[in-house]
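Enquirer: First, the structure itself, so that you have it in front of you.
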Amino acid sequence: MAGSFDTDIIAAVATAQGRAGIGIVRVSGKDLSHFATQLLGTAPPARLATRATFRGAKGEPIDDGIALFFPAPASYTGEDVLELHGHGGRVVLQMVLGRCLELGARLAGPGEFTRRAFLNEKLDLAQAEGVADLIEAATEAAARCALRSLRGEFSSLIRDLGRQLVELRALVEATLDFPEEEIDPLDREDARRRLASLRRETARALARGRAGSVLRNGLHVVLAGQPNVGKSSLLNRLAGEDLAIVTAIPGTTRDAVRQTIQLEGVPINVVDTAGLRDTHDAVEAIGIARAWEAIEQADAMLMVVDAREGVTAADVAIVERLPNRLRPVTIFNKIDLSGDAPRAEEKGKDWSIYLSAKTGEGIDGLREALLKLAGWQPEGGDVFMARERHLLALERVAEALKRAAETALRTELFAEELRLAQKELGSITGEVTADDLLGQIFARFCVGK
Ligand code: GDP
């Protein structure tokens, strides 16, 4: 745990700016009973909604509201917390906040309440990040996922891995001082088995985290195909009528056009690569270069073709230039004209989908394919909205365990890899975390949280 930290009184408006029925000023600090008495005339009883008048320096009323007092340690931050529920107007809230500052509080920085909660061990780092993710969640699926992190599901999975690692380390380090022939073969077998199980579980945690991170970042899809095959029609159809599509500004149609649609709460970012072809036109060339940049970063490629013509030589030329990991989803559009039956076929990493953007036939097959590509799971799916730093740490754990598996069991090197893996796991929940990382994480919070 980090060393000394501030316990001075912090205050902030915790509700959103604007006009609202209620607005909350939140105060946290080491001892707030004196503070509360000066502001309210008396310190409210613990955890009891109490009608109160918030008063200025001369005793004049600023607002009438409800005061909630949470004495330490049973509070969000682990310190004394005072919540002042007043009327939700910008000016009146600023007046209440101003009075708090007058009484010795200072304005809280972004995420400072949650930072204190972390430092007081009310929640771990992954949970604190869950708080921010829940507030930032742009879709229901993301919100559900963030709540699970906030409630500690992800943390307990990480802790469980950590516990298994400690047990394995104990087993291995105990044998370090013995000559090889004195080690019980059963112990050796046990250690190997434990290591294999740890590697499996780490890989599984990574897969769940990666799937969840799609909920935050969305799936990046590139739309390609020859002119007039129906790319725009398809996009409109996918987005549905209730979702506004950002139409291409006239004159920019040669550029990659970005739009985000949502499928089951998963953001799908689509880049329309209008006319990917070799050109001598300088402006068009810039647009095409951008399209290729988007392709480099994409997760999947939707190649739209006219079902009556099938994949043309020009389409093949594009596919051949794709990064290797990017398998195309080939969409045979206009089946209302070709007479093909709507269907979605998955062959290895390739998809072939027959549909009509015009009639909507077969569109569900495409939706399902996209969700599957995004790693989306229906409600009850066990993904975690892991952050990039969690995934990186888990990847390093997996690498260290892999190296350990390739090393002779009894060596210092083996023990060292396990130590490394444990350290990486600890960085996720914040057991071992550098101060500057904490700074970065909490700086992204809103003020008042
Ligand atoms: P883009 O150039 O690839 O974006 O193609 P558009 O979406 O602009 O479509 C080109 C033409 O094909 C338009 O006249 C569409 O109405 C038509 N079209 C698109 N999809 C279908 C389809 O599934 N069936 C039929 N019959 N026509 C389609």
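To be explicit about the labels: the chains of the structure tokens are called A, B, and onward in the order shown, and within each one the residues are counted from 1, while ligands get numbers from 1 in the order they are shown.
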Counting only C-alpha atoms and all ligand atoms, what residues are within 7 Å of ligand 1, given as number ranges by chain?

Expert: A: 225-234, 333-337, 355-359

Enquirer: Residues near Gly59 (chain A), anyone? I mean within 12 Å using only C-alpha atoms, not counting same-chain ones fewer than 5 positions away, as a list of chain:residue names.

Expert: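 Contacts, with the query itself left out: A:Thr37, A:Gln38, A:Leu39, A:Leu40, A:Gly41, A:Thr53, A:Phe54, A:Arg99.
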
Enquirer: I'd like to know which residues of region 196-392 of chain A are strand (DSSP E or B) (by DSSP, run on the backbone); could you write them as a PyMOL selection string?

Expert: chain A and resi 219-225+257-263+266-272+300-306+328-333+343-347+350-354

Enquirer: Produce a file of the selected residues containing N, CA and C atoms, as a tab-separated table (two decimals), in the first residue's frame.

Expert:
chain	number	residue	atom	x	y	z
A	219	LEU	N	-16.01	-2.93	-31.75
A	219	LEU	CA	-15.35	-3.73	-32.78
A	219	LEU	C	-15.08	-2.78	-33.94
A	220	HIS	N	-13.88	-2.83	-34.46
A	220	HIS	CA	-13.56	-1.97	-35.59
A	220	HIS	C	-13.67	-2.76	-36.88
A	221	VAL	N	-14.60	-2.31	-37.69
A	221	VAL	CA	-14.92	-3.04	-38.90
A	221	VAL	C	-14.67	-2.16	-40.11
A	222	VAL	N	-14.10	-2.75	-41.10
A	222	VAL	CA	-13.88	-2.01	-42.34
A	222	VAL	C	-14.85	-2.53	-43.39
A	223	LEU	N	-15.51	-1.60	-44.07
A	223	LEU	CA	-16.46	-1.98	-45.09
A	223	LEU	C	-15.82	-1.74	-46.45
A	224	ALA	N	-15.77	-2.77	-47.29
A	224	ALA	CA	-15.13	-2.60	-48.60
A	224	ALA	C	-15.97	-3.26	-49.67
A	225	GLY	N	-15.67	-2.94	-50.89
A	225	GLY	CA	-16.40	-3.52	-52.01
A	225	GLY	C	-16.46	-2.53	-53.15
A	257	VAL	N	-15.07	6.91	-44.24
A	257	VAL	CA	-16.16	7.51	-43.47
A	257	VAL	C	-16.42	6.65	-42.26
A	258	ARG	N	-16.42	7.30	-41.10
A	258	ARG	CA	-16.60	6.52	-39.88
A	258	ARG	C	-18.01	6.69	-39.33
A	259	GLN	N	-18.58	5.64	-38.86
A	259	GLN	CA	-19.82	5.73	-38.11
A	259	GLN	C	-19.88	4.58	-37.12
A	260	THR	N	-20.60	4.83	-36.04
A	260	THR	CA	-20.69	3.79	-35.02
A	260	THR	C	-22.14	3.36	-34.89
A	261	ILE	N	-22.35	2.06	-34.99
A	261	ILE	CA	-23.69	1.55	-34.73
A	261	ILE	C	-23.60	0.65	-33.51
A	262	GLN	N	-24.75	0.37	-32.92
A	262	GLN	CA	-24.74	-0.48	-31.73
A	262	GLN	C	-25.52	-1.74	-31.99
A	263	LEU	N	-24.93	-2.87	-31.70
A	263	LEU	CA	-25.65	-4.13	-31.79
A	263	LEU	C	-25.64	-4.74	-30.40
A	266	VAL	N	-23.18	-3.44	-28.10
A	266	VAL	CA	-21.77	-3.47	-28.48
A	266	VAL	C	-21.55	-2.40	-29.55
A	267	PRO	N	-20.65	-1.45	-29.30
A	267	PRO	CA	-20.39	-0.47	-30.35
A	267	PRO	C	-19.63	-1.12	-31.51
A	268	ILE	N	-20.13	-0.92	-32.70
A	268	ILE	CA	-19.44	-1.42	-33.89
A	268	ILE	C	-19.04	-0.19	-34.70
A	269	ASN	N	-17.76	0.05	-34.77
A	269	ASN	CA	-17.26	1.21	-35.50
A	269	ASN	C	-16.97	0.79	-36.93
A	270	VAL	N	-17.70	1.40	-37.84
A	270	VAL	CA	-17.56	0.99	-39.23
A	270	VAL	C	-16.84	2.08	-40.01
A	271	VAL	N	-15.85	1.67	-40.75
A	271	VAL	CA	-15.17	2.60	-41.65
A	271	VAL	C	-15.49	2.18	-43.07
A	272	ASP	N	-16.11	3.10	-43.80
A	272	ASP	CA	-16.51	2.81	-45.18
A	272	ASP	C	-15.36	3.23	-46.10
A	300	ALA	N	-12.06	-6.60	-38.15
A	300	ALA	CA	-12.69	-7.44	-39.17
A	300	ALA	C	-12.97	-6.62	-40.43
A	301	MET	N	-13.10	-7.32	-41.53
A	301	MET	CA	-13.33	-6.66	-42.80
A	301	MET	C	-14.61	-7.20	-43.40
A	302	LEU	N	-15.54	-6.31	-43.72
A	302	LEU	CA	-16.75	-6.74	-44.41
A	302	LEU	C	-16.57	-6.44	-45.89
A	303	MET	N	-16.48	-7.48	-46.68
A	303	MET	CA	-16.32	-7.29	-48.13
A	303	MET	C	-17.68	-7.52	-48.78
A	304	VAL	N	-18.25	-6.45	-49.30
A	304	VAL	CA	-19.58	-6.60	-49.91
A	304	VAL	C	-19.43	-6.86	-51.39
A	305	VAL	N	-20.12	-7.89	-51.88
A	305	VAL	CA	-20.10	-8.16	-53.32
A	305	VAL	C	-21.55	-8.33	-53.79
A	306	ASP	N	-21.75	-8.17	-55.06
A	306	ASP	CA	-23.07	-8.40	-55.65
A	306	ASP	C	-23.22	-9.91	-55.84
A	328	PRO	N	-11.63	-11.72	-44.14
A	328	PRO	CA	-12.82	-10.99	-44.57
A	328	PRO	C	-14.12	-11.76	-44.31
A	329	VAL	N	-15.15	-10.99	-43.99
A	329	VAL	CA	-16.50	-11.52	-43.97
A	329	VAL	C	-17.07	-11.14	-45.33
A	330	THR	N	-17.31	-12.12	-46.17
A	330	THR	CA	-17.81	-11.79	-47.51
A	330	THR	C	-19.32	-11.74	-47.49
A	331	ILE	N	-19.85	-10.60	-47.90
A	331	ILE	CA	-21.30	-10.43	-47.90
A	331	ILE	C	-21.81	-10.45	-49.32
A	332	PHE	N	-22.61	-11.45	-49.63
A	332	PHE	CA	-23.21	-11.56	-50.95
A	332	PHE	C	-24.55	-10.82	-50.88
A	333	ASN	N	-24.54	-9.59	-51.37
A	333	ASN	CA	-25.72	-8.74	-51.25
A	333	ASN	C	-26.63	-8.90	-52.48
A	343	ARG	N	-28.42	-16.85	-45.84
A	343	ARG	CA	-27.71	-17.76	-44.94
A	343	ARG	C	-26.38	-17.15	-44.50
A	344	ALA	N	-25.85	-17.67	-43.41
A	344	ALA	CA	-24.53	-17.25	-42.93
A	344	ALA	C	-23.71	-18.50	-42.71
A	345	GLU	N	-22.57	-18.57	-43.36
A	345	GLU	CA	-21.74	-19.77	-43.25
A	345	GLU	C	-20.37	-19.39	-42.69
A	346	GLU	N	-19.95	-20.14	-41.68
A	346	GLU	CA	-18.64	-19.89	-41.09
A	346	GLU	C	-17.72	-21.03	-41.48
A	347	LYS	N	-16.68	-20.70	-42.23
A	347	LYS	CA	-15.72	-21.74	-42.62
A	347	LYS	C	-14.36	-21.34	-42.07
A	350	ASP	N	-13.23	-17.71	-41.94
A	350	ASP	CA	-13.96	-16.95	-42.96
A	350	ASP	C	-15.47	-17.05	-42.79
A	351	TRP	N	-16.12	-15.97	-43.12
A	351	TRP	CA	-17.58	-15.97	-43.11
A	351	TRP	C	-18.09	-15.65	-44.50
A	352	SER	N	-19.17	-16.33	-44.91
A	352	SER	CA	-19.90	-15.95	-46.12
A	352	SER	C	-21.33	-15.71	-45.72
A	353	ILE	N	-21.84	-14.53	-46.04
A	353	ILE	CA	-23.20	-14.21	-45.62
A	353	ILE	C	-24.01	-13.74	-46.82
A	354	TYR	N	-25.14	-14.37	-47.01
A	354	TYR	CA	-26.02	-14.03	-48.12
A	354	TYR	C	-27.18	-13.23	-47.59

Enquirer: Pick the closest to Ala191 (chain A) from A:Val447, A:Val13, A:Ala405, A:Met95: which is it, counting only C-alpha atoms?

Expert: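 So, comparing all the options, the nearest one is A:Ala405.
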
Enquirer: Just the residues within 12 Å of Ala138 (chain A), please, counting only C-alpha atoms, with nothing from its chain fewer than 5 positions along; format it as a PDB file with N, CA, C and O atoms, in the first residue's frame.

Expert:
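So part_0.pdb came out as:
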ATOM      1  N   ALA A 132     -15.207   4.144 -12.337  1.00  0.00           N
ATOM      2  CA  ALA A 132     -15.075   5.082 -13.458  1.00  0.00           C
ATOM      3  C   ALA A 132     -15.741   4.513 -14.707  1.00  0.00           C
ATOM      4  O   ALA A 132     -16.428   5.220 -15.439  1.00  0.00           O
ATOM      5  N   ASP A 133     -15.546   3.207 -14.935  1.00  0.00           N
ATOM      6  CA  ASP A 133     -16.117   2.593 -16.132  1.00  0.00           C
ATOM      7  C   ASP A 133     -17.633   2.593 -16.096  1.00  0.00           C
ATOM      8  O   ASP A 133     -18.288   2.734 -17.124  1.00  0.00           O
ATOM      9  N   ALA A 143     -22.264  -1.164 -18.952  1.00  0.00           N
ATOM     10  CA  ALA A 143     -22.599  -0.809 -17.573  1.00  0.00           C
ATOM     11  C   ALA A 143     -22.681  -2.067 -16.703  1.00  0.00           C
ATOM     12  O   ALA A 143     -22.151  -2.094 -15.591  1.00  0.00           O
ATOM     13  N   ARG A 144     -23.320  -3.095 -17.225  1.00  0.00           N
ATOM     14  CA  ARG A 144     -23.436  -4.348 -16.453  1.00  0.00           C
ATOM     15  C   ARG A 144     -22.053  -4.915 -16.145  1.00  0.00           C
ATOM     16  O   ARG A 144     -21.764  -5.374 -15.051  1.00  0.00           O
ATOM     17  N   CYS A 145     -21.213  -4.853 -17.166  1.00  0.00           N
ATOM     18  CA  CYS A 145     -19.872  -5.404 -17.046  1.00  0.00           C
ATOM     19  C   CYS A 145     -19.048  -4.610 -16.023  1.00  0.00           C
ATOM     20  O   CYS A 145     -18.340  -5.182 -15.199  1.00  0.00           O
ATOM     21  N   ALA A 146     -19.172  -3.287 -16.076  1.00  0.00           N
ATOM     22  CA  ALA A 146     -18.421  -2.428 -15.155  1.00  0.00           C
ATOM     23  C   ALA A 146     -18.888  -2.664 -13.725  1.00  0.00           C
ATOM     24  O   ALA A 146     -18.086  -2.690 -12.789  1.00  0.00           O
ATOM     25  N   LEU A 215     -16.489  -4.288 -25.290  1.00  0.00           N
ATOM     26  CA  LEU A 215     -17.660  -3.512 -24.873  1.00  0.00           C
ATOM     27  C   LEU A 215     -17.306  -2.044 -24.699  1.00  0.00           C
ATOM     28  O   LEU A 215     -18.138  -1.171 -24.852  1.00  0.00           O
ATOM     29  N   ARG A 216     -16.061  -1.806 -24.341  1.00  0.00           N
ATOM     30  CA  ARG A 216     -15.641  -0.428 -24.174  1.00  0.00           C
ATOM     31  C   ARG A 216     -15.239   0.178 -25.523  1.00  0.00           C
ATOM     32  O   ARG A 216     -15.695   1.226 -25.914  1.00  0.00           O
ATOM     33  N   ASN A 217     -14.363  -0.547 -26.206  1.00  0.00           N
ATOM     34  CA  ASN A 217     -13.772   0.032 -27.410  1.00  0.00           C
ATOM     35  C   ASN A 217     -14.562  -0.253 -28.674  1.00  0.00           C
ATOM     36  O   ASN A 217     -14.378   0.391 -29.683  1.00  0.00           O
ATOM     37  N   GLY A 218     -15.413  -1.253 -28.597  1.00  0.00           N
ATOM     38  CA  GLY A 218     -16.174  -1.622 -29.790  1.00  0.00           C
ATOM     39  C   GLY A 218     -15.341  -2.469 -30.733  1.00  0.00           C
ATOM     40  O   GLY A 218     -14.157  -2.705 -30.518  1.00  0.00           O
ATOM     41  N   GLN A 262     -24.748   0.368 -32.916  1.00  0.00           N
ATOM     42  CA  GLN A 262     -24.739  -0.480 -31.733  1.00  0.00           C
ATOM     43  C   GLN A 262     -25.523  -1.738 -31.988  1.00  0.00           C
ATOM     44  O   GLN A 262     -26.650  -1.677 -32.466  1.00  0.00           O
ATOM     45  N   GLY A 265     -25.867  -3.485 -27.643  1.00  0.00           N
ATOM     46  CA  GLY A 265     -25.038  -2.733 -26.716  1.00  0.00           C
ATOM     47  C   GLY A 265     -23.558  -2.767 -27.035  1.00  0.00           C
ATOM     48  O   GLY A 265     -22.750  -2.186 -26.328  1.00  0.00           O
ATOM     49  N   VAL A 266     -23.181  -3.440 -28.099  1.00  0.00           N
ATOM     50  CA  VAL A 266     -21.769  -3.467 -28.478  1.00  0.00           C
ATOM     51  C   VAL A 266     -21.550  -2.397 -29.552  1.00  0.00           C
ATOM     52  O   VAL A 266     -22.210  -2.417 -30.582  1.00  0.00           O
ATOM     53  N   PRO A 267     -20.646  -1.454 -29.303  1.00  0.00           N
ATOM     54  CA  PRO A 267     -20.386  -0.471 -30.347  1.00  0.00           C
ATOM     55  C   PRO A 267     -19.626  -1.116 -31.514  1.00  0.00           C
ATOM     56  O   PRO A 267     -18.641  -1.802 -31.296  1.00  0.00           O
TER      57      PRO A 267
END

Enquirer: Using only C-alpha atoms for the distances, tell me which of A:Ala74, A:Thr42, A:Arg106, A:Arg55 is nearest to Thr7 (chain A).

Expert: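 Nearest to Thr7 (chain A): A:Arg106.
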